[in-house]
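Participant: Structure: protein-v2.cif, mmCIF, C-alpha atoms and all ligand atoms.
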data_target
#
loop_
_atom_site.group_PDB
_atom_site.id
_atom_site.type_symbol
_atom_site.label_atom_id
_atom_site.label_comp_id
_atom_site.auth_asym_id
_atom_site.auth_seq_id
_atom_site.Cartn_x
_atom_site.Cartn_y
_atom_site.Cartn_z
ATOM 1 C CA THR A 1 10.189 12.890 10.274
ATOM 2 C CA ILE A 2 10.066 9.747 8.178
ATOM 3 C CA LYS A 3 10.610 10.581 4.516
ATOM 4 C CA ILE A 4 8.509 8.330 2.340
ATOM 5 C CA VAL A 5 7.325 7.739 -1.210
ATOM 6 C CA MET A 6 4.045 5.910 -1.762
ATOM 7 C CA ASP A 7 3.485 3.722 -4.798
ATOM 8 C CA THR A 8 -0.211 3.102 -4.861
ATOM 9 C CA ASP A 9 -3.365 1.971 -6.719
ATOM 10 C CA PRO A 10 -6.298 3.802 -5.057
ATOM 11 C CA GLY A 11 -8.392 1.880 -4.213
ATOM 12 C CA ILE A 12 -10.395 2.474 -1.062
ATOM 13 C CA ASP A 13 -7.779 1.409 1.496
ATOM 14 C CA ASP A 14 -5.024 3.117 -0.526
ATOM 15 C CA ALA A 15 -7.017 6.347 -0.244
ATOM 16 C CA ALA A 16 -7.177 5.928 3.523
ATOM 17 C CA ALA A 17 -3.418 5.214 3.671
ATOM 18 C CA LEU A 18 -2.720 8.343 1.600
ATOM 19 C CA THR A 19 -4.952 10.326 3.949
ATOM 20 C CA MET A 20 -2.830 9.333 6.944
ATOM 21 C CA ALA A 21 0.491 9.834 5.125
ATOM 22 C CA LEU A 22 -0.482 13.285 3.818
ATOM 23 C CA ASN A 23 -1.596 14.528 7.213
ATOM 24 C CA ASP A 24 0.528 12.958 9.936
ATOM 25 C CA PRO A 25 3.235 15.460 10.964
ATOM 26 C CA GLN A 26 5.749 12.671 11.597
ATOM 27 C CA ILE A 27 5.655 11.684 7.937
ATOM 28 C CA GLU A 28 6.975 13.639 4.981
ATOM 29 C CA LEU A 29 5.343 12.245 1.845
ATOM 30 C CA LYS A 30 7.616 13.347 -1.010
ATOM 31 C CA LEU A 31 6.017 11.680 -4.014
ATOM 32 C CA ILE A 32 3.053 9.526 -4.969
ATOM 33 C CA THR A 33 3.350 7.136 -7.889
ATOM 34 C CA SER A 34 0.436 5.209 -9.328
ATOM 35 C CA VAL A 35 0.205 1.711 -10.708
ATOM 36 C CA ALA A 36 -2.482 -0.416 -12.346
ATOM 37 C CA GLY A 37 -4.101 -2.663 -9.760
ATOM 38 C CA ASN A 38 -7.481 -2.183 -8.165
ATOM 39 C CA VAL A 39 -8.476 -0.333 -11.359
ATOM 40 C CA THR A 40 -6.587 0.890 -14.459
ATOM 41 C CA VAL A 41 -3.626 3.215 -14.002
ATOM 42 C CA ASP A 42 -5.542 6.149 -15.507
ATOM 43 C CA LYS A 43 -8.066 5.776 -12.713
ATOM 44 C CA THR A 44 -5.570 5.117 -9.909
ATOM 45 C CA THR A 45 -3.612 8.224 -10.967
ATOM 46 C CA LYS A 46 -6.770 10.325 -10.911
ATOM 47 C CA ASN A 47 -7.828 8.891 -7.569
ATOM 48 C CA ALA A 48 -4.447 9.727 -6.024
ATOM 49 C CA GLN A 49 -4.781 13.265 -7.357
ATOM 50 C CA LYS A 50 -8.292 13.508 -5.890
ATOM 51 C CA ILE A 51 -6.968 12.738 -2.410
ATOM 52 C CA VAL A 52 -4.099 15.236 -2.767
ATOM 53 C CA ARG A 53 -6.559 17.863 -4.002
ATOM 54 C CA PHE A 54 -9.056 17.093 -1.223
ATOM 55 C CA PHE A 55 -6.439 18.085 1.344
ATOM 56 C CA ASN A 56 -5.035 20.946 -0.785
ATOM 57 C CA LYS A 57 -1.561 19.451 -0.553
ATOM 58 C CA LYS A 58 1.259 19.947 -3.037
ATOM 59 C CA VAL A 59 2.622 16.407 -3.189
ATOM 60 C CA PRO A 60 3.394 15.466 -6.822
ATOM 61 C CA VAL A 61 1.744 12.462 -8.468
ATOM 62 C CA ALA A 62 3.452 10.536 -11.284
ATOM 63 C CA ALA A 63 1.662 7.935 -13.389
ATOM 64 C CA GLY A 64 3.200 4.480 -13.530
ATOM 65 C CA ALA A 65 2.843 1.094 -15.132
ATOM 66 C CA LYS A 66 -0.292 0.230 -17.104
ATOM 67 C CA GLN A 67 0.221 -3.491 -16.693
ATOM 68 C CA PRO A 68 2.297 -6.064 -14.837
ATOM 69 C CA LEU A 69 5.778 -7.050 -16.100
ATOM 70 C CA ILE A 70 4.699 -10.334 -17.668
ATOM 71 C CA LYS A 71 1.308 -11.483 -16.406
ATOM 72 C CA GLU A 72 -1.902 -10.195 -17.906
ATOM 73 C CA PHE A 73 -3.615 -7.374 -15.987
ATOM 74 C CA GLU A 74 -6.733 -8.193 -13.945
ATOM 75 C CA ASP A 75 -8.334 -5.447 -11.854
ATOM 76 C CA ALA A 76 -10.273 -5.640 -8.567
ATOM 77 C CA ALA A 77 -13.189 -3.404 -9.542
ATOM 78 C CA ARG A 78 -15.549 -5.970 -8.043
ATOM 79 C CA ILE A 79 -14.206 -4.917 -4.611
ATOM 80 C CA HIS A 80 -13.318 -1.259 -5.199
ATOM 81 C CA GLY A 81 -16.029 -0.298 -7.730
ATOM 82 C CA GLU A 82 -15.602 0.838 -11.349
ATOM 83 C CA SER A 83 -13.918 4.121 -10.345
ATOM 84 C CA GLY A 84 -11.810 2.545 -7.585
ATOM 85 C CA MET A 85 -12.983 5.156 -5.079
ATOM 86 C CA PRO A 86 -16.790 5.281 -5.215
ATOM 87 C CA GLY A 87 -19.266 7.010 -2.936
ATOM 88 C CA TYR A 88 -17.928 10.549 -2.531
ATOM 89 C CA GLU A 89 -17.968 13.642 -4.772
ATOM 90 C CA PHE A 90 -14.387 14.849 -4.985
ATOM 91 C CA PRO A 91 -13.419 18.227 -6.478
ATOM 92 C CA GLU A 92 -12.986 17.991 -10.254
ATOM 93 C CA ASP A 93 -10.215 20.597 -10.647
ATOM 94 C CA LEU A 94 -7.351 18.204 -10.199
ATOM 95 C CA PRO A 95 -3.657 19.088 -10.222
ATOM 96 C CA LYS A 96 -1.739 17.803 -13.256
ATOM 97 C CA PRO A 97 0.321 14.653 -12.848
ATOM 98 C CA LEU A 98 4.064 15.101 -13.466
ATOM 99 C CA ASP A 99 5.226 14.987 -17.116
ATOM 100 C CA VAL A 100 7.685 12.242 -16.231
ATOM 101 C CA SER A 101 6.844 8.600 -15.598
ATOM 102 C CA ALA A 102 6.674 7.055 -12.139
ATOM 103 C CA VAL A 103 10.046 5.365 -12.637
ATOM 104 C CA GLU A 104 11.762 8.655 -13.583
ATOM 105 C CA ALA A 105 10.073 10.521 -10.741
ATOM 106 C CA LEU A 106 11.062 7.812 -8.261
ATOM 107 C CA ARG A 107 14.657 7.932 -9.426
ATOM 108 C CA GLU A 108 14.834 11.716 -9.148
ATOM 109 C CA THR A 109 13.168 11.892 -5.754
ATOM 110 C CA ILE A 110 15.260 9.109 -4.264
ATOM 111 C CA MET A 111 18.591 10.305 -5.668
ATOM 112 C CA ASN A 112 17.996 13.962 -4.767
ATOM 113 C CA SER A 113 16.846 13.388 -1.210
ATOM 114 C CA ASP A 114 19.328 14.401 1.484
ATOM 115 C CA GLU A 115 18.165 11.497 3.645
ATOM 116 C CA LYS A 116 17.428 7.944 2.586
ATOM 117 C CA ILE A 117 13.827 7.310 1.569
ATOM 118 C CA THR A 118 11.406 4.691 2.849
ATOM 119 C CA LEU A 119 9.398 3.170 -0.010
ATOM 120 C CA VAL A 120 5.791 2.326 0.792
ATOM 121 C CA PRO A 121 4.158 0.277 -1.982
ATOM 122 C CA THR A 122 0.464 -0.401 -1.486
ATOM 123 C CA GLY A 123 -0.291 -1.724 -4.959
ATOM 124 C CA SER A 124 1.511 -4.327 -7.037
ATOM 125 C CA TYR A 125 5.234 -3.745 -7.303
ATOM 126 C CA THR A 126 5.634 -3.196 -11.054
ATOM 127 C CA ASN A 127 7.023 0.357 -10.809
ATOM 128 C CA ILE A 128 9.479 -0.664 -8.105
ATOM 129 C CA ALA A 129 10.745 -3.626 -10.150
ATOM 130 C CA LEU A 130 11.177 -1.426 -13.234
ATOM 131 C CA LEU A 131 12.999 1.171 -11.140
ATOM 132 C CA PHE A 132 15.434 -1.380 -9.694
ATOM 133 C CA SER A 133 16.080 -2.890 -13.121
ATOM 134 C CA GLU A 134 16.641 0.433 -14.906
ATOM 135 C CA TYR A 135 18.393 2.350 -12.135
ATOM 136 C CA PRO A 136 19.994 -0.112 -9.709
ATOM 137 C CA GLU A 137 21.947 2.765 -8.140
ATOM 138 C CA VAL A 138 18.782 3.899 -6.307
ATOM 139 C CA LYS A 139 18.978 0.849 -4.060
ATOM 140 C CA ASP A 140 21.752 2.393 -1.955
ATOM 141 C CA HIS A 141 19.569 5.419 -1.304
ATOM 142 C CA ILE A 142 16.554 3.544 0.012
ATOM 143 C CA GLU A 143 16.332 3.119 3.770
ATOM 144 C CA ARG A 144 13.816 0.287 3.628
ATOM 145 C CA ILE A 145 10.628 -0.903 1.972
ATOM 146 C CA VAL A 146 7.385 -1.282 3.925
ATOM 147 C CA ALA A 147 5.056 -3.046 1.525
ATOM 148 C CA MET A 148 1.452 -4.117 1.789
ATOM 149 C CA GLY A 149 1.055 -7.523 0.211
ATOM 150 C CA GLY A 150 1.497 -11.228 0.678
ATOM 151 C CA SER A 151 0.430 -13.681 3.329
ATOM 152 C CA LEU A 152 1.951 -16.550 5.265
ATOM 153 C CA GLY A 153 -1.449 -18.180 5.385
ATOM 154 C CA LYS A 154 -4.338 -17.980 2.969
ATOM 155 C CA GLY A 155 -4.620 -15.555 0.088
ATOM 156 C CA ASN A 156 -7.497 -13.237 -0.745
ATOM 157 C CA MET A 157 -7.264 -13.655 -4.504
ATOM 158 C CA THR A 158 -6.626 -17.372 -4.743
ATOM 159 C CA SER A 159 -6.273 -19.665 -1.773
ATOM 160 C CA ALA A 160 -2.513 -19.122 -2.090
ATOM 161 C CA ALA A 161 -2.111 -15.520 -3.194
ATOM 162 C CA GLU A 162 -2.797 -12.035 -1.936
ATOM 163 C CA PHE A 163 -3.968 -9.482 -4.560
ATOM 164 C CA ASN A 164 -0.918 -7.159 -4.844
ATOM 165 C CA VAL A 165 1.524 -10.041 -5.231
ATOM 166 C CA PHE A 166 -0.870 -12.058 -7.386
ATOM 167 C CA THR A 167 -1.247 -9.108 -9.769
ATOM 168 C CA ASP A 168 2.492 -8.947 -10.514
ATOM 169 C CA PRO A 169 4.425 -11.839 -8.967
ATOM 170 C CA ASP A 170 7.471 -11.263 -11.186
ATOM 171 C CA ALA A 171 7.782 -7.727 -9.841
ATOM 172 C CA ALA A 172 7.394 -9.033 -6.283
ATOM 173 C CA LYS A 173 10.240 -11.465 -6.838
ATOM 174 C CA ILE A 174 12.527 -8.661 -8.013
ATOM 175 C CA MET A 175 11.569 -6.445 -5.066
ATOM 176 C CA TYR A 176 12.066 -9.157 -2.444
ATOM 177 C CA HIS A 177 15.462 -10.072 -3.873
ATOM 178 C CA ALA A 178 16.785 -6.525 -4.244
ATOM 179 C CA GLY A 179 18.790 -6.694 -1.034
ATOM 180 C CA ILE A 180 16.924 -3.825 0.638
ATOM 181 C CA PRO A 181 15.446 -4.294 4.147
ATOM 182 C CA ILE A 182 11.779 -5.055 3.582
ATOM 183 C CA THR A 183 8.802 -5.385 5.883
ATOM 184 C CA MET A 184 5.945 -7.512 4.593
ATOM 185 C CA VAL A 185 2.665 -6.027 5.760
ATOM 186 C CA GLY A 186 0.432 -8.864 4.655
ATOM 187 C CA LEU A 187 -2.950 -10.415 5.271
ATOM 188 C CA ASP A 188 -1.588 -12.045 8.451
ATOM 189 C CA ILE A 189 -2.160 -8.700 10.171
ATOM 190 C CA THR A 190 -4.452 -6.777 7.843
ATOM 191 C CA MET A 191 -7.226 -9.353 8.205
ATOM 192 C CA LYS A 192 -6.940 -9.019 11.992
ATOM 193 C CA ALA A 193 -6.977 -5.246 12.256
ATOM 194 C CA LEU A 194 -10.467 -4.752 10.845
ATOM 195 C CA LEU A 195 -12.012 -1.312 11.067
ATOM 196 C CA THR A 196 -15.002 -2.142 13.252
ATOM 197 C CA PRO A 197 -18.599 -1.042 12.557
ATOM 198 C CA GLU A 198 -18.340 1.173 15.677
ATOM 199 C CA SER A 199 -15.229 2.899 14.335
ATOM 200 C CA LEU A 200 -16.879 3.362 10.952
ATOM 201 C CA ALA A 201 -19.933 4.983 12.580
ATOM 202 C CA LYS A 202 -17.681 7.382 14.512
ATOM 203 C CA LEU A 203 -15.863 8.359 11.322
ATOM 204 C CA GLU A 204 -19.053 9.430 9.596
ATOM 205 C CA THR A 205 -19.765 12.289 11.985
ATOM 206 C CA MET A 206 -16.200 13.216 12.947
ATOM 207 C CA ASN A 207 -15.294 15.801 10.295
ATOM 208 C CA GLU A 208 -15.301 16.093 6.484
ATOM 209 C CA THR A 209 -12.299 13.759 6.189
ATOM 210 C CA GLY A 210 -14.072 11.174 8.337
ATOM 211 C CA LYS A 211 -17.178 11.498 6.209
ATOM 212 C CA MET A 212 -15.181 11.113 2.986
ATOM 213 C CA LEU A 213 -13.462 7.979 4.302
ATOM 214 C CA HIS A 214 -16.719 6.583 5.660
ATOM 215 C CA ASP A 215 -18.508 7.166 2.365
ATOM 216 C CA ILE A 216 -15.890 5.349 0.308
ATOM 217 C CA ILE A 217 -15.166 2.608 2.846
ATOM 218 C CA ILE A 218 -18.810 1.503 2.984
ATOM 219 C CA HIS A 219 -18.502 0.684 -0.732
ATOM 220 C CA ASP A 220 -15.737 -1.834 -0.087
ATOM 221 C CA GLY A 221 -16.976 -5.157 -1.444
ATOM 222 C CA ASP A 222 -15.016 -7.125 1.143
ATOM 223 C CA ASN A 223 -16.752 -6.225 4.393
ATOM 224 C CA SER A 224 -18.107 -8.485 7.108
ATOM 225 C CA ASP A 225 -20.024 -8.111 10.379
ATOM 226 C CA GLN A 226 -16.697 -7.858 12.204
ATOM 227 C CA GLY A 227 -15.534 -4.942 10.087
ATOM 228 C CA ILE A 228 -13.587 -4.020 6.974
ATOM 229 C CA ALA A 229 -9.906 -4.677 6.317
ATOM 230 C CA MET A 230 -7.957 -1.454 5.767
ATOM 231 C CA HIS A 231 -4.995 -3.369 4.320
ATOM 232 C CA ASP A 232 -2.820 -0.494 3.035
ATOM 233 C CA VAL A 233 -3.325 1.663 6.126
ATOM 234 C CA ASN A 234 -1.378 -0.923 8.129
ATOM 235 C CA THR A 235 1.840 0.227 6.398
ATOM 236 C CA ILE A 236 1.463 3.722 7.847
ATOM 237 C CA PHE A 237 0.422 2.358 11.235
ATOM 238 C CA TYR A 238 3.567 0.223 11.223
ATOM 239 C CA LEU A 239 5.784 3.219 10.391
ATOM 240 C CA LEU A 240 4.353 5.190 13.296
ATOM 241 C CA HIS A 241 3.635 2.415 15.809
ATOM 242 C CA PRO A 242 5.936 -0.545 15.248
ATOM 243 C CA GLU A 243 5.395 -1.490 18.910
ATOM 244 C CA ALA A 244 1.792 -2.497 18.119
ATOM 245 C CA ILE A 245 2.869 -5.038 15.498
ATOM 246 C CA LYS A 246 4.820 -8.240 16.018
ATOM 247 C CA THR A 247 7.274 -9.143 13.272
ATOM 248 C CA GLU A 248 9.454 -12.140 12.505
ATOM 249 C CA LYS A 249 12.499 -12.255 10.291
ATOM 250 C CA MET A 250 12.443 -14.959 7.650
ATOM 251 C CA TRP A 251 13.211 -15.786 4.047
ATOM 252 C CA ILE A 252 10.361 -14.909 1.691
ATOM 253 C CA ASP A 253 10.188 -16.205 -1.851
ATOM 254 C CA ILE A 254 7.524 -15.670 -4.475
ATOM 255 C CA VAL A 255 5.800 -18.271 -6.634
ATOM 256 C CA THR A 256 5.747 -16.943 -10.201
ATOM 257 C CA ASP A 257 3.771 -19.631 -12.001
ATOM 258 C CA GLY A 258 1.477 -22.592 -11.540
ATOM 259 C CA PRO A 259 -1.605 -22.888 -9.357
ATOM 260 C CA ALA A 260 0.037 -21.084 -6.408
ATOM 261 C CA ILE A 261 1.169 -18.125 -8.549
ATOM 262 C CA GLY A 262 1.588 -15.038 -6.373
ATOM 263 C CA GLU A 263 2.081 -16.931 -3.128
ATOM 264 C CA THR A 264 4.629 -15.465 -0.705
ATOM 265 C CA VAL A 265 6.334 -18.537 0.710
ATOM 266 C CA GLY A 266 7.903 -17.911 4.096
ATOM 267 C CA ASP A 267 10.635 -20.234 5.328
ATOM 268 C CA ILE A 268 8.919 -20.260 8.720
ATOM 269 C CA ARG A 269 11.217 -22.867 10.222
ATOM 270 C CA GLY A 270 14.417 -21.351 8.854
ATOM 271 C CA ALA A 271 15.021 -24.774 7.394
ATOM 272 C CA TYR A 272 15.980 -23.982 3.825
ATOM 273 C CA HIS A 273 18.103 -20.863 3.923
ATOM 274 C CA ASP A 274 20.625 -21.534 6.698
ATOM 275 C CA GLY A 275 18.996 -18.924 8.878
ATOM 276 C CA LYS A 276 19.379 -16.261 6.169
ATOM 277 C CA THR A 277 16.461 -13.837 5.998
ATOM 278 C CA ASN A 278 15.376 -11.243 3.473
ATOM 279 C CA ALA A 279 12.234 -9.913 5.133
ATOM 280 C CA ASN A 280 10.675 -8.751 8.322
ATOM 281 C CA VAL A 281 7.197 -10.259 8.264
ATOM 282 C CA CYS A 282 4.294 -8.788 10.240
ATOM 283 C CA VAL A 283 2.660 -11.677 12.069
ATOM 284 C CA ASP A 284 0.429 -10.097 14.724
ATOM 285 C CA ILE A 285 -1.205 -6.758 15.486
ATOM 286 C CA ASP A 286 -3.045 -5.014 18.275
ATOM 287 C CA ALA A 287 -6.346 -4.528 16.436
ATOM 288 C CA GLN A 288 -7.825 -2.260 19.073
ATOM 289 C CA ALA A 289 -4.785 0.015 19.014
ATOM 290 C CA PHE A 290 -5.144 0.158 15.219
ATOM 291 C CA ASN A 291 -8.777 1.253 15.466
ATOM 292 C CA GLU A 292 -8.017 3.867 18.128
ATOM 293 C CA TRP A 293 -5.094 5.252 16.144
ATOM 294 C CA PHE A 294 -7.150 5.361 12.921
ATOM 295 C CA LEU A 295 -9.864 7.464 14.571
ATOM 296 C CA GLU A 296 -7.362 9.693 16.336
ATOM 297 C CA GLU A 297 -5.471 10.409 13.111
ATOM 298 C CA VAL A 298 -8.649 11.452 11.334
ATOM 299 C CA SER A 299 -9.897 13.520 14.274
ATOM 300 C CA LYS A 300 -6.662 15.555 14.208
ATOM 301 C CA ILE A 301 -7.090 16.502 10.539
ATOM 302 C CA ASN A 302 -8.227 20.053 10.101
ATOM 303 C CA LYS A 303 -10.849 19.342 7.454
HETATM 304 C C1 LIG A 401 -4.548 -5.245 -1.373
HETATM 305 O O1 LIG A 401 -5.263 -5.415 -2.580
HETATM 306 C C2 LIG A 401 -5.898 -4.224 -2.939
HETATM 307 O O2 LIG A 401 -7.173 -4.492 -3.413
HETATM 308 C C3 LIG A 401 -5.907 -3.358 -1.698
HETATM 309 O O3 LIG A 401 -5.870 -1.983 -2.043
HETATM 310 C C4 LIG A 401 -4.670 -3.790 -0.977
HETATM 311 O O4 LIG A 401 -3.539 -3.083 -1.422
HETATM 312 C C5 LIG A 401 -5.096 -6.207 -0.343
HETATM 313 O O5 LIG A 401 -4.916 -7.514 -0.751
HETATM 314 CA CA CA A 402 -3.766 -1.100 -2.729
#
Hey, can you dump this file as structure tokens for me?
Facilitator:
Amino acid sequence: TIKIVMDTDPGIDDAAALTMALNDPQIELKLITSVAGNVTVDKTTKNAQKIVRFFNKKVPVAAGAKQPLIKEFEDAARIHGESGMPGYEFPEDLPKPLDVSAVEALRETIMNSDEKITLVPTGSYTNIALLFSEYPEVKDHIERIVAMGGSLGKGNMTSAAEFNVFTDPDAAKIMYHAGIPITMVGLDITMKALLTPESLAKLETMNETGKMLHDIIIHDGDNSDQGIAMHDVNTIFYLLHPEAIKTEKMWIDIVTDGPAIGETVGDIRGAYHDGKTNANVCVDIDAQAFNEWFLEEVSKINK
């Protein structure tokens, strides 16, 4: 099994990613930490707990950063709705979040694990940056980072920047320069692997999980006739099916101010860093395989 921790800001696609991670037998999800992003951290924490409660799982949730390291916080409620996860009535009797902060919980989980942990951030990287700054010793106990965010091409927030990196570019810079193997799961693939209208229709009648996902996904403000991007779910798909995704090693740097703030700049020609690389960048994906896998995962869930 792949032992992972998810740092997340649910968020419609985060909720779908959590659904896969909580239920796939090849993944052991040890901890969920929340961060401000799509909506405030109070809401993202609650939304993470709602998903855990929906599946009656025991995975702990720890609340994280309320705001980015330096930049002012701007949410994405225009895409994900005021609650961040609209359209479905979740149970109200939620488990309590941990008494400790996300950073403390991350440190404990990573240091106490018998095997190295894979970090899967699907929100902005504030908690991860704080963790690396406060407890640099954790870095040796992390297998790799598989992070949704960034783009070699256009952004989805500004023409240069993708939302997770745009929200906290200073944290992204720290994470990308931490010296840990990192896979950038960015818009280059997530905008290709759209969940098609046919897949969405199948979800609705599949089982209660499919209905829950369908009901929240149709509220995503970023849909088109071709389908809806399930950005964060691509991290889990990559963990389980790396053969369906093409990656390229390159140097990634982050723009932390000016009009291109939040841009992930890839040294695509290897021209500026003497062939040195710090990231494995996802550049292409088998969109049909993604859709088939998505439906299969949900169909196997016993709820
Ligand atoms: C990312 O931004 C958020 O709105 C999504 O949840 C995803 O993590 C896509 O740019
Ligand atoms: Ca997210």
Participant: Within 7 Å of ligand CA 402 (chain A), which residues show up when you count all atoms listed in the file? List them as a ChimeraX atom specification, please.
Facilitator: /A:8-11,13-14,38,122-123,232
Participant: With all atoms listed in the file as the basis for distance, which of A:Ala36, A:Leu130, A:Ile252, A:Ile180 is at the shortest distance from Lys276 of chain A?
Facilitator: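 The answer is A:Ile252, which sits nearest to Lys276 of chain A.
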Participant: Give the answer as one residue: which of A:Pro242, A:Ile261, A:Lys202, A:Ile285 has the shortest atom-to-atom distance to Gly186 of chain A, using only C-alpha atoms?
Facilitator: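 Closest residue, counting only C-alpha atoms: A:Ile285.
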Participant: Using the chain letters and numbering of this document, enumerate as a list in words the residues selected by the PyMOL selection byres (((chain A and resi 193) around 7) and not hetatm).
Facilitator: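 Checked against the file, the PyMOL selection byres (((chain A and resi 193) around 7) and not hetatm) matches Ile189, Thr190, Met191, Lys192, Leu194, Leu195, Ala229, Ile285, Ala287 and Phe290 of chain A.
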Participant: Write to file, as a tab-separated table (two decimals), keeping the file's coordinate frame, the residues of the selection just made, with C-alpha atoms.
Facilitator:
chain	number	residue	atom	x	y	z
A	189	ILE	CA	-2.16	-8.70	10.17
A	190	THR	CA	-4.45	-6.78	7.84
A	191	MET	CA	-7.23	-9.35	8.20
A	192	LYS	CA	-6.94	-9.02	11.99
A	194	LEU	CA	-10.47	-4.75	10.84
A	195	LEU	CA	-12.01	-1.31	11.07
A	229	ALA	CA	-9.91	-4.68	6.32
A	285	ILE	CA	-1.20	-6.76	15.49
A	287	ALA	CA	-6.35	-4.53	16.44
A	290	PHE	CA	-5.14	0.16	15.22
Participant: Taking (-14.1, -4.7, 5.7) as a centre in this file's frame and 12 Å as the limit, can you find every polymer residue with an atom that close, using all atoms listed in the file, and give them as a ChimeraX atom specification?
Facilitator: /A:12-13,79-80,190-197,199-200,214,216-231
Participant: For each of A:Ser151, A:Asn56, A:Ser113, A:Ser83, take the minimum atom-to-atom distance to ligand LIG 401 (chain A), counting all atoms listed in the file, then give the residue where this is smallest.
Facilitator: A:Ser151
Participant: From the set A:Ala171, A:Val120, A:Val281, A:Ile110, which residue has the shortest atom-to-atom contact distance to Glu137 of chain A, counting all atoms listed in the file?
Facilitator: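 Looking only at the distances to Glu137 of chain A, the closest residue turns out to be A:Ile110.
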Participant: Figure out the distance between atom CA of Glu72 of chain A and atom CA of Ala260 of chain A, please, to one decimal in Å.
Facilitator: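 Taking atom CA of Ala260 of chain A as the start and atom CA of Glu72 of chain A as the end point, the length is 16.0 Å.
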Participant: The PyMOL selection byres (((chain A and resi 165) around 9) and not hetatm) - which residues does that actually catch in the file I just gave you? List them as a PyMOL selection string.
Facilitator: chain A and resi 123-125+149-150+161-164+166-173+254+261-264
Participant: Using all atoms listed in the file, which of the listed residues (A:Arg78, A:His177, A:Lys58, A:Lys43) sits closest to ligand LIG 401 (chain A)?
Facilitator: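 The closest residue to ligand LIG 401 (chain A) is A:Arg78.
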Participant: Taking the structure I provided as the source, export segment 78-113 of chain A with C-alpha atoms, as a PDB file, in the first residue's frame.
Facilitator:
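out26.pdb was written with the following content:
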ATOM      1  CA  ARG A  78     -17.293  31.670  -7.183  1.00  0.00           C
ATOM      2  CA  ILE A  79     -16.296  28.212  -8.501  1.00  0.00           C
ATOM      3  CA  HIS A  80     -16.924  25.998  -5.465  1.00  0.00           C
ATOM      4  CA  GLY A  81     -19.916  27.813  -3.905  1.00  0.00           C
ATOM      5  CA  GLU A  82     -20.139  29.531  -0.504  1.00  0.00           C
ATOM      6  CA  SER A  83     -19.811  26.243   1.419  1.00  0.00           C
ATOM      7  CA  GLY A  84     -17.124  24.817  -0.882  1.00  0.00           C
ATOM      8  CA  MET A  85     -19.092  21.591  -1.324  1.00  0.00           C
ATOM      9  CA  PRO A  86     -22.653  22.519  -2.318  1.00  0.00           C
ATOM     10  CA  GLY A  87     -25.490  20.352  -3.568  1.00  0.00           C
ATOM     11  CA  TYR A  88     -25.609  17.402  -1.166  1.00  0.00           C
ATOM     12  CA  GLU A  89     -26.953  16.960   2.382  1.00  0.00           C
ATOM     13  CA  PHE A  90     -24.133  15.454   4.409  1.00  0.00           C
ATOM     14  CA  PRO A  91     -24.622  14.049   7.925  1.00  0.00           C
ATOM     15  CA  GLU A  92     -24.317  16.785  10.556  1.00  0.00           C
ATOM     16  CA  ASP A  93     -22.794  14.676  13.359  1.00  0.00           C
ATOM     17  CA  LEU A  94     -19.209  15.251  12.387  1.00  0.00           C
ATOM     18  CA  PRO A  95     -16.151  13.796  14.108  1.00  0.00           C
ATOM     19  CA  LYS A  96     -14.036  16.341  16.000  1.00  0.00           C
ATOM     20  CA  PRO A  97     -10.899  17.639  14.323  1.00  0.00           C
ATOM     21  CA  LEU A  98      -7.657  16.883  16.196  1.00  0.00           C
ATOM     22  CA  ASP A  99      -6.721  19.274  19.041  1.00  0.00           C
ATOM     23  CA  VAL A 100      -3.352  19.869  17.412  1.00  0.00           C
ATOM     24  CA  SER A 101      -2.685  22.029  14.369  1.00  0.00           C
ATOM     25  CA  ALA A 102      -2.075  20.632  10.896  1.00  0.00           C
ATOM     26  CA  VAL A 103       1.660  21.294  11.196  1.00  0.00           C
ATOM     27  CA  GLU A 104       1.920  19.379  14.502  1.00  0.00           C
ATOM     28  CA  ALA A 105      -0.218  16.531  13.188  1.00  0.00           C
ATOM     29  CA  LEU A 106       1.863  16.322  10.010  1.00  0.00           C
ATOM     30  CA  ARG A 107       5.069  16.206  12.011  1.00  0.00           C
ATOM     31  CA  GLU A 108       3.781  13.465  14.303  1.00  0.00           C
ATOM     32  CA  THR A 109       2.345  11.336  11.521  1.00  0.00           C
ATOM     33  CA  ILE A 110       5.421  11.615   9.331  1.00  0.00           C
ATOM     34  CA  MET A 111       7.957  11.022  12.109  1.00  0.00           C
ATOM     35  CA  ASN A 112       6.037   8.107  13.643  1.00  0.00           C
ATOM     36  CA  SER A 113       5.375   6.234  10.425  1.00  0.00           C
TER      37      SER A 113
END
